[in-house]
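Q: Have a peek at entry-v7.pdb (PDB, C-alpha atoms).
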```
ATOM      1  CA  MET A  28     196.396  25.553 201.958
ATOM      2  CA  LYS A  29     195.829  24.962 198.287
ATOM      3  CA  ALA A  30     195.087  27.859 195.944
ATOM      4  CA  ILE A  31     192.477  27.278 193.252
ATOM      5  CA  THR A  32     191.746  29.503 190.275
ATOM      6  CA  LEU A  33     188.302  29.397 188.711
ATOM      7  CA  ARG A  34     188.044  30.270 185.037
ATOM      8  CA  ASN A  35     185.072  30.991 182.806
ATOM      9  CA  VAL A  36     182.751  31.886 185.671
ATOM     10  CA  PRO A  37     179.421  32.814 184.068
ATOM     11  CA  PRO A  38     178.457  36.465 184.613
ATOM     12  CA  ASP A  39     175.252  35.606 186.480
ATOM     13  CA  LEU A  40     177.187  33.387 188.896
ATOM     14  CA  ALA A  41     179.853  36.064 189.404
ATOM     15  CA  GLU A  42     177.141  38.612 190.187
ATOM     16  CA  ALA A  43     175.399  36.224 192.595
ATOM     17  CA  LEU A  44     178.715  35.647 194.407
ATOM     18  CA  ASN A  45     179.293  39.390 194.635
ATOM     19  CA  ARG A  46     175.795  39.946 196.029
ATOM     20  CA  GLU A  47     176.330  37.193 198.592
ATOM     21  CA  LYS A  48     179.728  38.564 199.674
ATOM     22  CA  ARG A  49     178.163  41.997 200.206
ATOM     23  CA  ARG A  50     175.276  40.455 202.134
ATOM     24  CA  ARG A  51     177.680  38.555 204.381
ATOM     25  CA  GLY A  52     180.170  41.398 204.674
ATOM     26  CA  GLN A  53     183.001  39.019 203.753
ATOM     27  CA  SER A  54     185.632  38.813 201.076
ATOM     28  CA  LEU A  55     184.803  37.036 197.853
ATOM     29  CA  ASN A  56     187.339  34.335 198.741
ATOM     30  CA  ARG A  57     185.811  33.691 202.192
ATOM     31  CA  THR A  58     182.298  33.666 200.738
ATOM     32  CA  ALA A  59     183.242  31.181 197.993
ATOM     33  CA  ILE A  60     184.988  28.882 200.495
ATOM     34  CA  ASP A  61     182.029  28.998 202.892
ATOM     35  CA  LEU A  62     179.541  28.259 200.105
ATOM     36  CA  LEU A  63     181.648  25.376 198.780
ATOM     37  CA  LYS A  64     181.991  23.899 202.280
ATOM     38  CA  GLN A  65     178.270  24.222 202.882
ATOM     39  CA  GLY A  66     177.306  22.795 199.494
ATOM     40  CA  LEU A  67     179.661  19.839 199.814
ATOM     41  CA  GLY A  68     178.971  19.190 203.494
ATOM     42  CA  VAL A  69     182.593  19.723 204.526
ATOM     43  CA  GLY A  70     183.026  20.799 208.150
ATOM     44  CA  THR A  71     179.354  21.744 208.470
ATOM     45  CA  PRO A  72     176.113  19.949 207.793
ATOM     46  CA  ARG A  73     174.669  20.457 204.323
ATOM     47  CA  SER A  74     171.856  22.963 204.276
ATOM     48  CA  ASN A  75     169.100  23.804 201.852
ATOM     49  CA  GLY A  76     168.586  27.177 203.494
ATOM     50  CA  LEU A  77     165.216  26.243 204.960
ATOM     51  CA  ALA A  78     166.330  25.455 208.525
ATOM     52  CA  HIS A  79     164.824  28.687 209.813
ATOM     53  CA  LEU A  80     161.387  27.322 208.845
ATOM     54  CA  ALA A  81     161.706  23.982 210.637
ATOM     55  CA  GLY A  82     159.970  23.719 213.968
ATOM     56  CA  GLY A  83     158.666  27.256 213.725
ATOM     57  CA  TRP A  84     154.980  26.493 214.276
ATOM     58  CA  SER A  85     153.302  26.103 217.613
ATOM     59  CA  ASP A  86     151.186  23.000 218.190
ATOM     60  CA  MET A  87     148.043  25.115 217.851
ATOM     61  CA  ARG A  88     149.217  26.612 214.539
ATOM     62  CA  ALA A  89     150.029  23.135 213.202
ATOM     63  CA  ARG A  90     146.544  21.879 214.175
ATOM     64  CA  GLU A  91     144.948  24.900 212.459
ATOM     65  CA  PHE A  92     146.953  24.189 209.315
ATOM     66  CA  GLU A  93     145.988  20.503 209.320
ATOM     67  CA  ALA A  94     142.327  21.447 209.842
ATOM     68  CA  ALA A  95     142.498  23.853 206.909
ATOM     69  CA  LEU A  96     143.893  21.075 204.692
ATOM     70  CA  ALA A  97     141.439  18.395 205.851
ATOM     71  CA  PRO A  98     138.810  19.213 203.172
ATOM     72  CA  LEU A  99     141.423  18.467 200.525
ATOM     73  CA  ASP A 100     141.480  14.823 201.648
ATOM     74  CA  GLU A 101     137.757  14.386 200.955
ATOM     75  CA  ILE A 102     136.866  12.563 197.761
ATOM     76  CA  ASP A 103     133.847  13.729 195.809
ATOM     77  CA  PRO A 104     132.209  10.527 194.513
ATOM     78  CA  GLU A 105     130.426  12.485 191.788
ATOM     79  CA  MET A 106     133.757  13.478 190.241
ATOM     80  CA  TRP A 107     134.884   9.831 190.020
ATOM     81  CA  LYS A 108     131.887   8.409 188.165
TER      82      LYS A 108
END
```
What's the structure tokens form of this structure?
A:
Amino acid sequence: MKAITLRNVPPDLAEALNREKRRRGQSLNRTAIDLLKQGLGVGTPRSNGLAHLAGGWSDMRAREFEAALAPLDEIDPEMWK
């Protein structure tokens, strides 16, 4: 395994990494490796963190949402004169 040293890590990034390591209950090294792998799509599919939202609606909920948006598709001819 190759060792890499990161220099000049901005304070806000260092704090975000520390928060994430605490959230995960992992070492800083493990957290950084996992985030790099995820971000670069190495060994795991790339993720934007929104997977938990995909496919979460029932068919009825999706129809209700589409019905609620339907009025937004209507064009008011008076506004386009």
Q: Which residue out of A:Met87, A:Ala41, A:Leu62, A:Ala95 has the minimum interatomic distance to A:Asn75 when all atoms listed in the file are used?
A: A:Leu62
Q: Which value, in Å to one decimal, gives the distance between atom CA of A:Arg90 and atom CA of A:Gly76?
A: 25.1 Å
Q: What's around A:Ala59 at 10 Å? Count all atoms listed in the file, leave out sequence neighbours fewer than 6 positions away in its own chain, and write the answer as a list in words.
A: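 With the cut-off at 10 Å, the set is Leu44, Asn45, Glu47, Lys48, Gln53 and Gln65 of chain A.
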Q: What is the atom CA of A:Gly52-atom CA of A:Met28 distance in Å, reported with one decimal?
A: 22.8 Å
Q: Atom CA of A:Thr71 to atom CA of A:Trp84: how many Å, to one decimal?
A: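 Distance reported for this atom pair: 25.5 Å.
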Q: Considering only C-alpha atoms, state which residue in the set A:Leu77, A:Ile31, A:Ala43, A:Pro38 is at the smallest distance from A:Asn56.
A: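 The shortest atom-to-atom distance to A:Asn56 comes from A:Ile31.
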